[in-house]
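Novice: Got target.txt for you, compact mmCIF, C-alpha atoms and all ligand atoms:
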# COMPACT_ATOMS: atom_id res chain seq x y z
CA MET T 548 18.63 18.09 40.68
CA GLU T 549 21.99 18.68 42.35
CA PHE T 550 25.30 17.14 41.42
CA THR T 551 28.71 17.82 42.83
CA LEU T 552 31.37 18.98 40.42
CA ARG T 553 34.97 18.70 41.47
CA ALA T 554 36.53 22.13 41.92
CA SER T 555 39.55 21.09 39.89
CA CYS T 556 37.28 20.74 36.85
CA LEU T 557 36.27 24.34 36.86
CA ASN T 558 37.89 27.51 35.62
CA PRO T 559 36.45 30.56 37.35
CA SER T 560 36.23 33.78 35.40
CA PRO T 561 34.66 37.02 36.63
CA SER T 562 31.55 38.25 34.87
CA ARG T 563 29.83 41.63 34.87
CA ASP T 564 26.77 40.86 36.95
CA SER T 565 28.47 40.10 40.26
CA THR T 566 28.34 36.36 39.74
CA LEU T 567 31.14 34.09 38.85
CA ALA T 568 30.84 32.15 35.62
CA TRP T 569 32.23 28.66 35.83
CA ARG T 570 33.11 26.94 32.62
CA ARG T 571 33.22 23.17 32.70
CA SER T 572 36.53 22.56 31.00
CA ASP T 573 37.15 18.97 31.86
CA PRO T 574 35.01 15.88 31.31
CA CYS T 575 35.99 14.62 34.77
CA ALA T 576 32.93 16.40 36.17
CA GLU T 577 30.65 13.83 37.78
CA VAL T 578 27.66 14.04 35.49
CA PRO T 579 25.53 10.90 35.58
CA SER T 580 25.76 8.80 32.49
CA GLY T 581 22.98 9.37 30.01
CA HIS T 582 22.52 13.02 30.86
CA SER T 583 23.46 15.79 28.49
CA LEU T 584 27.04 16.91 28.80
CA SER T 585 26.32 20.09 26.92
CA ALA T 586 25.96 22.28 30.01
CA ARG T 587 28.73 24.76 29.47
CA LEU T 588 28.08 27.66 31.76
CA ILE T 589 27.11 27.40 35.38
CA ARG T 590 26.60 30.47 37.53
CA ILE T 591 27.02 30.61 41.28
CA PRO T 592 26.78 33.62 43.60
CA LEU T 593 29.97 35.57 44.15
CA GLY T 594 31.78 34.17 47.13
CA ALA T 595 30.09 30.79 47.03
CA ARG T 596 32.35 27.85 47.67
CA PRO T 597 33.17 26.02 44.47
CA ARG T 598 33.25 22.59 46.11
CA ALA T 599 29.52 21.89 45.83
CA ILE T 600 27.54 23.83 43.30
CA GLU T 601 24.28 23.32 41.53
CA TYR T 602 24.64 21.54 38.22
CA VAL T 603 21.92 22.65 35.88
CA MET T 604 21.05 19.74 33.64
CA ASP T 605 21.04 21.31 30.20
CA THR T 606 18.42 19.78 27.96
CA ASP T 607 18.28 22.76 25.61
CA THR T 608 19.88 21.67 22.36
CA SER T 609 17.92 24.13 20.23
CA ASN T 610 21.20 25.45 18.76
CA ILE T 611 21.02 22.36 16.57
CA SER T 612 17.70 23.46 15.05
CA VAL T 613 19.35 25.70 12.44
CA SER T 614 20.63 22.52 10.80
CA ALA T 615 17.01 21.57 10.08
CA HIS T 616 16.62 24.66 7.91
CA TYR T 617 19.81 23.69 6.09
CA THR T 618 18.67 20.11 5.45
CA GLY T 619 15.20 21.39 4.46
CA TYR T 620 16.93 23.50 1.82
CA ILE T 621 18.89 20.45 0.63
CA TRP T 622 15.69 18.40 0.29
CA CYS T 623 14.25 21.20 -1.88
CA ARG T 624 17.40 21.44 -4.01
CA HIS T 625 17.19 17.73 -4.76
CA GLY T 626 13.48 17.72 -5.53
CA LEU T 627 12.70 15.78 -2.35
CA ALA T 628 10.54 18.54 -0.83
CA PRO T 629 8.09 21.12 -2.17
CA LYS T 630 9.48 24.66 -2.42
CA GLU T 631 7.48 25.72 0.66
CA PHE T 632 10.08 23.91 2.79
CA GLU T 633 12.77 26.34 1.72
CA THR T 634 13.45 28.99 4.39
CA ALA T 635 15.68 32.07 4.38
CA ARG T 636 17.71 30.52 7.22
CA GLY T 637 18.21 27.37 5.20
CA ARG T 638 19.21 29.29 2.07
CA ASN T 639 21.63 31.56 4.00
CA THR T 640 23.22 28.64 5.83
CA TYR T 641 23.65 26.83 2.53
CA ARG T 642 25.37 29.88 1.01
CA PHE T 643 27.52 30.33 4.10
CA LEU T 644 28.67 26.70 3.89
CA SER T 645 29.22 26.67 0.12
CA PRO T 646 33.00 27.32 0.26
CA ALA T 647 33.49 24.54 2.83
CA SER T 648 31.30 22.20 0.77
CA ALA T 649 33.32 23.01 -2.35
CA LEU T 650 36.55 22.28 -0.49
CA ILE T 651 35.24 18.93 0.79
CA ARG T 652 33.96 18.06 -2.70
CA ALA T 653 37.32 18.89 -4.27
CA ILE T 654 39.12 16.64 -1.79
CA ILE T 655 36.83 13.61 -1.59
CA GLY T 656 34.61 13.87 -4.67
CA ALA T 657 31.47 14.13 -2.54
CA ASP T 658 30.15 16.49 0.10
CA MET T 659 27.76 16.51 3.03
CA GLU T 660 24.87 16.83 0.59
CA THR T 661 25.78 13.50 -1.02
CA PHE T 662 25.40 11.60 2.25
CA LEU T 663 22.31 13.57 3.27
CA VAL T 664 20.52 12.52 0.09
CA GLU T 665 21.66 8.89 0.53
CA ARG T 666 20.27 8.66 4.04
CA HIS T 667 17.04 10.50 3.24
CA LYS T 668 16.16 8.35 0.23
CA LEU T 669 17.05 5.14 2.03
CA LEU T 670 14.94 6.08 5.07
CA ASP T 671 12.03 6.86 2.72
CA HIS T 672 12.51 3.48 1.06
CA LEU T 673 12.53 1.57 4.37
CA LEU T 674 9.49 3.45 5.63
CA THR T 675 7.64 2.68 2.40
CA ALA T 676 8.42 -1.03 2.89
CA ALA T 677 7.30 -0.85 6.53
CA ILE T 678 3.94 0.55 5.46
CA GLU T 679 3.36 -1.47 2.30
CA LYS T 680 4.84 -4.81 3.33
CA ALA T 681 4.73 -4.90 7.13
CA GLY T 682 1.42 -3.09 7.69
CA VAL T 683 2.67 -0.09 9.68
CA THR T 684 -0.16 2.44 9.99
CA GLN T 685 1.30 4.90 12.50
CA VAL T 686 4.54 6.86 12.17
CA VAL T 687 6.22 9.14 14.68
CA GLU T 688 9.16 11.18 13.42
CA ILE T 689 11.20 12.79 16.17
CA ALA T 690 13.53 15.71 15.36
CA CYS T 691 11.45 16.15 12.22
CA GLY T 692 12.81 19.64 11.51
CA MET T 693 11.93 20.74 7.98
CA SER T 694 11.66 17.21 6.66
CA PRO T 695 8.89 16.82 4.04
CA ARG T 696 8.40 13.15 4.91
CA GLY T 697 5.32 13.77 7.09
CA VAL T 698 3.57 15.60 4.27
CA SER T 699 4.54 13.23 1.46
CA PHE T 700 3.73 10.02 3.36
CA SER T 701 0.46 11.38 4.79
CA GLN T 702 -0.68 12.27 1.29
CA ARG T 703 0.57 9.05 -0.32
CA TYR T 704 -1.05 6.77 2.26
CA ALA T 705 -4.21 8.75 3.03
CA ASP T 706 -6.30 5.86 1.70
CA ARG T 707 -4.71 3.53 4.28
CA GLY T 708 -5.53 5.99 7.07
CA LEU T 709 -1.84 6.47 7.94
CA VAL T 710 -1.36 8.54 11.10
CA TYR T 711 1.81 10.66 11.05
CA VAL T 712 3.04 12.53 14.11
CA GLU T 713 6.02 14.83 13.70
CA ALA T 714 7.84 16.05 16.80
CA ASP T 715 10.71 18.38 17.63
CA LEU T 716 11.89 20.90 20.21
CA PRO T 717 9.35 23.66 21.00
CA GLY T 718 10.73 26.33 18.61
CA MET T 719 11.15 23.96 15.69
CA ALA T 720 7.78 22.30 16.37
CA ALA T 721 6.16 25.77 16.25
CA SER T 722 7.84 26.57 12.90
CA LYS T 723 6.77 23.22 11.47
CA THR T 724 3.19 23.66 12.70
CA GLN T 725 3.10 27.08 11.06
CA LEU T 726 4.43 25.70 7.77
CA LEU T 727 1.92 22.84 7.72
CA THR T 728 -0.99 25.05 8.76
CA GLN T 729 -0.24 27.78 6.20
CA ASN T 730 -0.22 25.21 3.43
CA GLY T 731 -3.27 23.27 4.57
CA TRP T 732 -1.21 20.16 5.30
CA ILE T 733 -2.14 19.71 8.93
CA SER T 734 -5.00 17.35 9.68
CA GLU T 735 -6.32 15.02 12.33
CA ARG T 736 -4.07 12.31 10.92
CA HIS T 737 -1.03 14.54 10.58
CA GLN T 738 0.03 16.52 13.64
CA VAL T 739 3.11 18.16 15.12
CA GLN T 740 4.01 17.75 18.78
CA ILE T 741 6.82 18.74 21.10
CA CYS T 742 9.43 16.18 22.13
CA ASN T 743 12.87 16.58 23.62
CA ILE T 744 14.76 13.30 23.69
CA LEU T 745 16.77 14.50 26.70
CA THR T 746 13.72 15.09 28.87
CA PRO T 747 13.14 12.00 31.02
CA SER T 748 9.54 12.78 32.01
CA GLY T 749 6.74 15.30 31.62
CA PRO T 750 4.96 16.80 28.63
CA GLU T 751 8.06 17.07 26.41
CA SER T 752 9.30 13.52 27.04
CA LEU T 753 9.32 10.57 24.66
CA GLY T 754 7.01 8.64 26.98
CA HIS T 755 4.43 11.42 26.90
CA LEU T 756 4.57 11.64 23.11
CA LEU T 757 4.13 7.89 22.68
CA ASN T 758 1.23 7.90 25.13
CA THR T 759 -0.69 10.09 22.68
CA LEU T 760 -0.48 7.37 19.99
CA ASP T 761 -2.78 4.41 19.38
CA PRO T 762 -1.17 1.43 21.17
CA THR T 763 -2.99 -1.05 18.92
CA LYS T 764 -1.28 0.06 15.70
CA LYS T 765 1.92 -1.21 14.15
CA THR T 766 4.22 1.76 14.47
CA ALA T 767 7.45 3.14 13.03
CA LEU T 768 9.61 5.64 14.89
CA ILE T 769 12.09 7.68 12.86
CA THR T 770 14.89 10.05 13.70
CA GLU T 771 16.99 11.55 10.94
CA GLY T 772 19.95 13.86 11.43
CA LEU T 773 19.80 13.57 15.21
CA VAL T 774 21.95 10.85 16.70
CA ASN T 775 25.41 12.14 15.78
CA TYR T 776 24.80 15.28 17.85
CA PHE T 777 24.95 13.18 21.03
CA ASP T 778 27.47 11.03 22.86
CA LEU T 779 26.93 7.30 23.13
CA ASP T 780 25.80 7.37 26.78
CA THR T 781 23.03 9.80 25.88
CA LEU T 782 22.07 7.70 22.87
CA GLN T 783 21.96 4.50 24.90
CA THR T 784 19.56 6.19 27.32
CA PHE T 785 17.41 7.46 24.44
CA TRP T 786 17.38 4.11 22.62
CA THR T 787 16.62 2.20 25.82
CA ASN T 788 13.72 4.61 26.40
CA ILE T 789 12.49 3.77 22.90
CA THR T 790 12.55 0.01 23.46
CA ARG T 791 10.89 0.39 26.87
CA GLU T 792 8.21 2.89 25.82
CA THR T 793 7.30 1.15 22.55
CA ALA T 794 6.92 -2.32 24.05
CA ARG T 795 3.17 -1.67 24.27
CA PHE T 796 2.74 -1.50 20.48
CA PRO T 797 2.09 -4.74 18.54
CA GLU T 798 5.25 -3.84 16.62
CA CYS T 799 7.49 -0.82 16.54
CA ARG T 800 10.50 -0.45 14.27
CA TYR T 801 13.01 2.34 14.74
CA LEU T 802 14.61 3.81 11.62
CA THR T 803 17.59 6.12 11.89
CA GLU T 804 20.89 6.92 10.25
CA ILE T 805 24.31 6.98 11.85
CA TYR T 806 27.66 8.35 10.70
CA PRO T 807 30.13 5.73 11.91
CA ASP T 808 33.70 6.02 13.06
CA PHE T 809 35.11 3.79 10.29
CA ARG T 810 38.82 4.42 10.83
CA ASP T 811 40.02 2.77 7.59
CA HIS T 812 37.51 4.49 5.37
CA PRO T 813 39.26 6.65 2.74
CA ILE T 814 37.39 9.78 3.85
CA HIS T 815 37.67 9.22 7.59
CA ARG T 816 40.58 11.62 7.95
CA TYR T 817 38.54 14.42 6.34
CA THR T 818 35.57 14.08 8.63
CA ARG T 819 37.18 16.64 10.94
CA ILE T 820 36.36 19.29 8.34
CA ALA T 821 32.68 18.29 8.39
CA GLN T 822 32.75 18.18 12.21
CA GLY T 823 34.25 21.68 12.26
CA VAL T 824 31.62 23.02 9.87
CA ILE T 825 28.73 21.42 11.77
CA GLY T 826 30.20 22.65 15.06
CA LEU T 827 30.46 26.18 13.69
CA VAL T 828 26.83 26.25 12.59
CA THR T 829 25.18 24.39 15.47
CA LYS T 830 27.62 25.18 18.32
CA ASN T 831 27.40 21.50 19.09
CA GLU T 832 29.77 18.60 18.84
CA TRP T 833 29.15 15.97 16.21
CA PRO T 834 30.92 12.75 17.23
CA LEU T 835 31.14 9.68 14.99
CA HIS T 836 30.00 6.40 16.55
CA TYR T 837 31.04 2.74 16.23
CA GLU T 838 33.94 1.34 14.23
CA SER T 839 32.09 -1.33 12.22
CA ASP T 840 28.63 -2.48 11.15
CA ALA T 841 28.88 -5.25 13.74
CA ALA T 842 29.59 -2.66 16.46
CA ILE T 843 26.56 -0.62 15.37
CA GLU T 844 24.41 -3.74 15.61
CA ALA T 845 25.80 -4.56 19.04
CA GLY T 846 25.21 -0.97 20.20
CA PHE T 847 21.52 -1.14 19.31
CA LYS T 848 21.16 -4.59 20.87
CA GLN T 849 22.65 -3.17 24.06
CA ALA T 850 19.60 -0.89 24.16
CA ALA T 851 17.38 -4.01 24.01
CA PHE T 852 16.50 -3.99 20.32
CA GLN T 853 16.13 -7.64 19.27
CA ASP T 854 16.49 -7.45 15.48
CA VAL T 855 18.90 -4.95 14.02
CA ILE T 856 19.67 -4.50 10.33
CA VAL T 857 22.47 -2.12 9.37
CA HIS T 858 21.79 -0.96 5.80
CA ASN T 859 24.61 0.25 3.58
CA PRO T 860 23.44 2.73 0.90
CA ASP T 861 25.85 1.00 -1.53
CA ASP T 862 23.35 -1.87 -1.70
CA TYR T 863 20.63 0.54 -2.90
CA ARG T 864 22.61 2.70 -5.33
CA GLU T 865 20.84 1.47 -8.49
CA LEU T 866 17.42 0.96 -6.94
CA LEU T 867 17.26 4.44 -5.41
CA SER T 868 19.36 6.24 -8.06
CA LEU T 869 21.93 7.29 -5.47
CA PRO T 870 24.99 9.17 -6.73
CA LYS T 871 27.93 6.94 -7.63
CA LEU T 872 30.97 7.25 -5.35
CA PRO T 873 34.57 6.08 -5.81
CA TYR T 874 34.39 4.43 -2.37
CA SER T 875 31.88 2.84 -0.05
CA SER T 876 29.25 5.05 1.60
CA PHE T 877 30.13 6.77 4.86
CA VAL T 878 26.65 6.61 6.32
CA ARG T 879 24.57 3.70 7.58
CA VAL T 880 20.81 3.43 8.02
CA VAL T 881 19.65 1.28 10.91
CA GLU T 882 16.36 -0.59 11.12
CA ALA T 883 15.88 -1.88 14.65
CA ARG T 884 13.02 -3.70 16.36
C1 LIG T 901 19.90 18.08 11.36
S1 LIG T 901 18.30 18.54 11.90
C2 LIG T 901 17.39 17.22 11.13
C3 LIG T 901 16.00 17.63 10.76
C4 LIG T 901 15.26 16.60 9.90
N1 LIG T 901 15.10 15.35 10.59
C5 LIG T 901 15.97 16.39 8.60
O1 LIG T 901 16.65 15.37 8.44
O2 LIG T 901 15.85 17.27 7.74
C6 LIG T 901 18.30 18.10 13.63
C7 LIG T 901 16.95 18.26 14.30
O3 LIG T 901 17.08 17.77 15.64
C8 LIG T 901 16.28 18.57 16.48
N2 LIG T 901 16.74 18.39 17.87
C9 LIG T 901 17.86 18.90 18.42
N3 LIG T 901 17.94 18.53 19.71
C10 LIG T 901 16.86 17.75 19.96
C11 LIG T 901 16.38 17.09 21.12
N4 LIG T 901 17.04 17.16 22.29
N5 LIG T 901 15.23 16.39 21.04
C12 LIG T 901 14.54 16.35 19.88
N6 LIG T 901 14.94 16.96 18.74
C13 LIG T 901 16.08 17.65 18.79
C14 LIG T 901 16.50 19.96 15.92
O4 LIG T 901 15.53 20.88 16.35
C15 LIG T 901 16.47 19.69 14.43
O5 LIG T 901 15.17 19.79 13.92
Can you present the structure in this file as structure tokens?
Specialist:
Amino acid sequence: MEFTLRASCLNPSPSRDSTLAWRRSDPCAEVPSGHSLSARLIRIPLGARPRAIEYVMDTDTSNISVSAHYTGYIWCRHGLAPKEFETARGRNTYRFLSPASALIRAIIGADMETFLVERHKLLDHLLTAAIEKAGVTQVVEIACGMSPRGVSFSQRYADRGLVYVEADLPGMAASKTQLLTQNGWISERHQVQICNILTPSGPESLGHLLNTLDPTKKTALITEGLVNYFDLDTLQTFWTNITRETARFPECRYLTEIYPDFRDHPIHRYTRIAQGVIGLVTKNEWPLHYESDAAIEAGFKQAAFQDVIVHNPDDYRELLSLPKLPYSSFVRVVEAR
């Protein structure tokens, strides 16, 4: 695919291997909406004219995968995952981030872990209800990382024949397959596949993944810890793909969490610290999205979801034994159909 970048957007700098490295330093580059804006380095032959160059659409966001080891470690720390989900990368990242976490905790009385546990328990709760009350028998969890949900739900609902498909980028999917295989957790009903939400077609695309599922089953699609790594244009494309590609199922609900841009929230001004920490670890931006619950709902409806419920963990604090906070939660869990 070729796109034209305006020369004024580019800062040339010489590199060692007789090519020029061009760093996209300005968002004015004409990248079509919905495509990843994470392409940072574009190489062109020395002497080539900078007016029209090849734009390599960057769909490799595997830098983010380290965060899955971190969250896997958090699930273990809180008794939400068996110890097998703890990895050296997760443990080391946790230790590396401990001073920043302590600083955040001292300032706001909670840290990233607090909101991770809130979202994870609430997603588990909503998935349980989807299976037990709404008759969902097929689950696909994209960006599964080191989440234990596939294992725990497959075991808990084996008698109902629940099918659970976990999916992630190739490297992470390989690590997860290895973990499940080593521990005897993989089965015909519980598999790991590759899926890159930025890939519009082909074997790594959402469409391909969903084509491998049974179109007669009520289905739930989950992403956790994914959406805030992307800008809204990219998310709208992804969510619209979900509504289009799941239309063939008798029912498909999408469960995800979102960290909103609630400007008047008491901890909003400190979110820059969390963004800095996440950026340092994943080399990726982590933007907040939507300024109210109503805006979240409207955003999902824009992607053609008909029914959207924005859940506030505050409403589940007692039921799910969530930690008490001196202010309202800063995360929302969305259930969209
Ligand atoms: C913060 S981790 C969350 C992992 C897991 N869901 C959890 O909550 O513990 C983010 C995950 O997103 C995956 N990921 C990053 N970019 C992706 C993409 N383009 N498509 C699919 N998954 C992606 C990473 O590999 C990683 O497993």
Novice: Find the residues near Gly708 of chain T: any atom within 12 Å, counting all atoms listed in the file, skip ones fewer than 5 places away on the same chain, and give them as a PyMOL selection string.
Specialist: chain T and resi 678+682-686+700-703+734-737+764
Novice: Which residues sit within 8 Å of ligand LIG 901 (chain T), counting all atoms listed in the file, listed as a PyMOL selection string?
Specialist: chain T and resi 606-619+622+663+667+688-695+714-716+718-720+742-746+770-773+776
Novice: Closest to Ala850 of chain T among T:Arg884, T:Lys630, T:Arg636, T:Arg810, using only C-alpha atoms?
Specialist: T:Arg884
Novice: Between T:Pro834, T:Gly754, T:Gly656, T:Gly846, which one has atoms that come closest to Lys871 of chain T, using only C-alpha atoms?
Specialist: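 Among the listed residues, T:Gly656 lies closest to Lys871 of chain T.
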Novice: One decimal, Å: what's the distance from atom CA of Phe777 of chain T over to atom CA of Pro873 of chain T, could you say?
Specialist: 29.4 Å
Novice: Quick one: residues within 10 Å of Arg791 of chain T, all atoms listed in the file counted, chain neighbours fewer than 3 positions away excluded, as a list in words?
Specialist: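 Counting all atoms listed in the file, the residues come to Gly754, Phe785, Trp786, Thr787, Asn788, Ala794, Arg795, Ala850, Ala851 and Phe852 of chain T.
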Novice: Using Å and a single decimal, report how far atom CA of Tyr801 of chain T sits from atom CA of Tyr863 of chain T.
Specialist: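 Between atom CA of Tyr863 of chain T and atom CA of Tyr801 of chain T the gap is 19.3 Å.
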Novice: Take atom CA of Asp778 of chain T and atom CA of Glu792 of chain T and report the distance between them in Å, one decimal.
Specialist: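 A separation of 21.1 Å between them.
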Novice: Distance cut-off 10 Å, centre (5.2, -6.5, 9.1) in file coordinates, counting only C-alpha atoms: which residues qualify? Return them as a VMD selection string.
Specialist: chain T and resid 676 to 683 765 to 766 798 to 800
Novice: Would you mind exporting C-alpha atoms of the selected residues as a PDB file, keeping the file's coordinate frame?
Specialist:
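Output (again28.pdb):
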ATOM      1  CA  ALA T 676       8.420  -1.030   2.890  1.00  0.00           C
ATOM      2  CA  ALA T 677       7.300  -0.850   6.530  1.00  0.00           C
ATOM      3  CA  ILE T 678       3.940   0.550   5.460  1.00  0.00           C
ATOM      4  CA  GLU T 679       3.360  -1.470   2.300  1.00  0.00           C
ATOM      5  CA  LYS T 680       4.840  -4.810   3.330  1.00  0.00           C
ATOM      6  CA  ALA T 681       4.730  -4.900   7.130  1.00  0.00           C
ATOM      7  CA  GLY T 682       1.420  -3.090   7.690  1.00  0.00           C
ATOM      8  CA  VAL T 683       2.670  -0.090   9.680  1.00  0.00           C
ATOM      9  CA  LYS T 765       1.920  -1.210  14.150  1.00  0.00           C
ATOM     10  CA  THR T 766       4.220   1.760  14.470  1.00  0.00           C
ATOM     11  CA  GLU T 798       5.250  -3.840  16.620  1.00  0.00           C
ATOM     12  CA  CYS T 799       7.490  -0.820  16.540  1.00  0.00           C
ATOM     13  CA  ARG T 800      10.500  -0.450  14.270  1.00  0.00           C
TER      14      ARG T 800
END
Novice: Between T:Val857, T:Val880, T:Leu727, T:Ala647, which one has atoms that come closest to Ala842 of chain T, using only C-alpha atoms?
Specialist: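 The shortest atom-to-atom distance to Ala842 of chain T comes from T:Val857.
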Novice: Counting all atoms listed in the file, which of T:Leu872, T:Val687, T:Val881, T:Ala635 gets nearest to Ala845 of chain T?
Specialist: T:Val881
Novice: If we count all atoms listed in the file and set the cut-off at 12 Å, which residues sit around Asn758 of chain T, ignoring sequence neighbours fewer than 2 positions away in its own chain? Please answer as a PDB file with C-alpha atoms, keeping the file's coordinate frame.
Specialist:
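That gives us part16.pdb:
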ATOM      1  CA  VAL T 687       6.220   9.140  14.680  1.00  0.00           C
ATOM      2  CA  SER T 748       9.540  12.780  32.010  1.00  0.00           C
ATOM      3  CA  GLY T 749       6.740  15.300  31.620  1.00  0.00           C
ATOM      4  CA  PRO T 750       4.960  16.800  28.630  1.00  0.00           C
ATOM      5  CA  GLU T 751       8.060  17.070  26.410  1.00  0.00           C
ATOM      6  CA  SER T 752       9.300  13.520  27.040  1.00  0.00           C
ATOM      7  CA  LEU T 753       9.320  10.570  24.660  1.00  0.00           C
ATOM      8  CA  GLY T 754       7.010   8.640  26.980  1.00  0.00           C
ATOM      9  CA  HIS T 755       4.430  11.420  26.900  1.00  0.00           C
ATOM     10  CA  LEU T 756       4.570  11.640  23.110  1.00  0.00           C
ATOM     11  CA  LEU T 760      -0.480   7.370  19.990  1.00  0.00           C
ATOM     12  CA  ASP T 761      -2.780   4.410  19.380  1.00  0.00           C
ATOM     13  CA  PRO T 762      -1.170   1.430  21.170  1.00  0.00           C
ATOM     14  CA  THR T 763      -2.990  -1.050  18.920  1.00  0.00           C
ATOM     15  CA  GLU T 792       8.210   2.890  25.820  1.00  0.00           C
ATOM     16  CA  THR T 793       7.300   1.150  22.550  1.00  0.00           C
ATOM     17  CA  ALA T 794       6.920  -2.320  24.050  1.00  0.00           C
ATOM     18  CA  ARG T 795       3.170  -1.670  24.270  1.00  0.00           C
ATOM     19  CA  PHE T 796       2.740  -1.500  20.480  1.00  0.00           C
TER      20      PHE T 796
END
Novice: Kindly extract all protein, DNA and RNA residues lying within 6 Å of the coordinates (16.8, 24.4, 1.2) given in the file, considering all atoms listed in the file, and supply them as a ChimeraX atom specification.
Specialist: /T:617,619-621,623,633,637-638
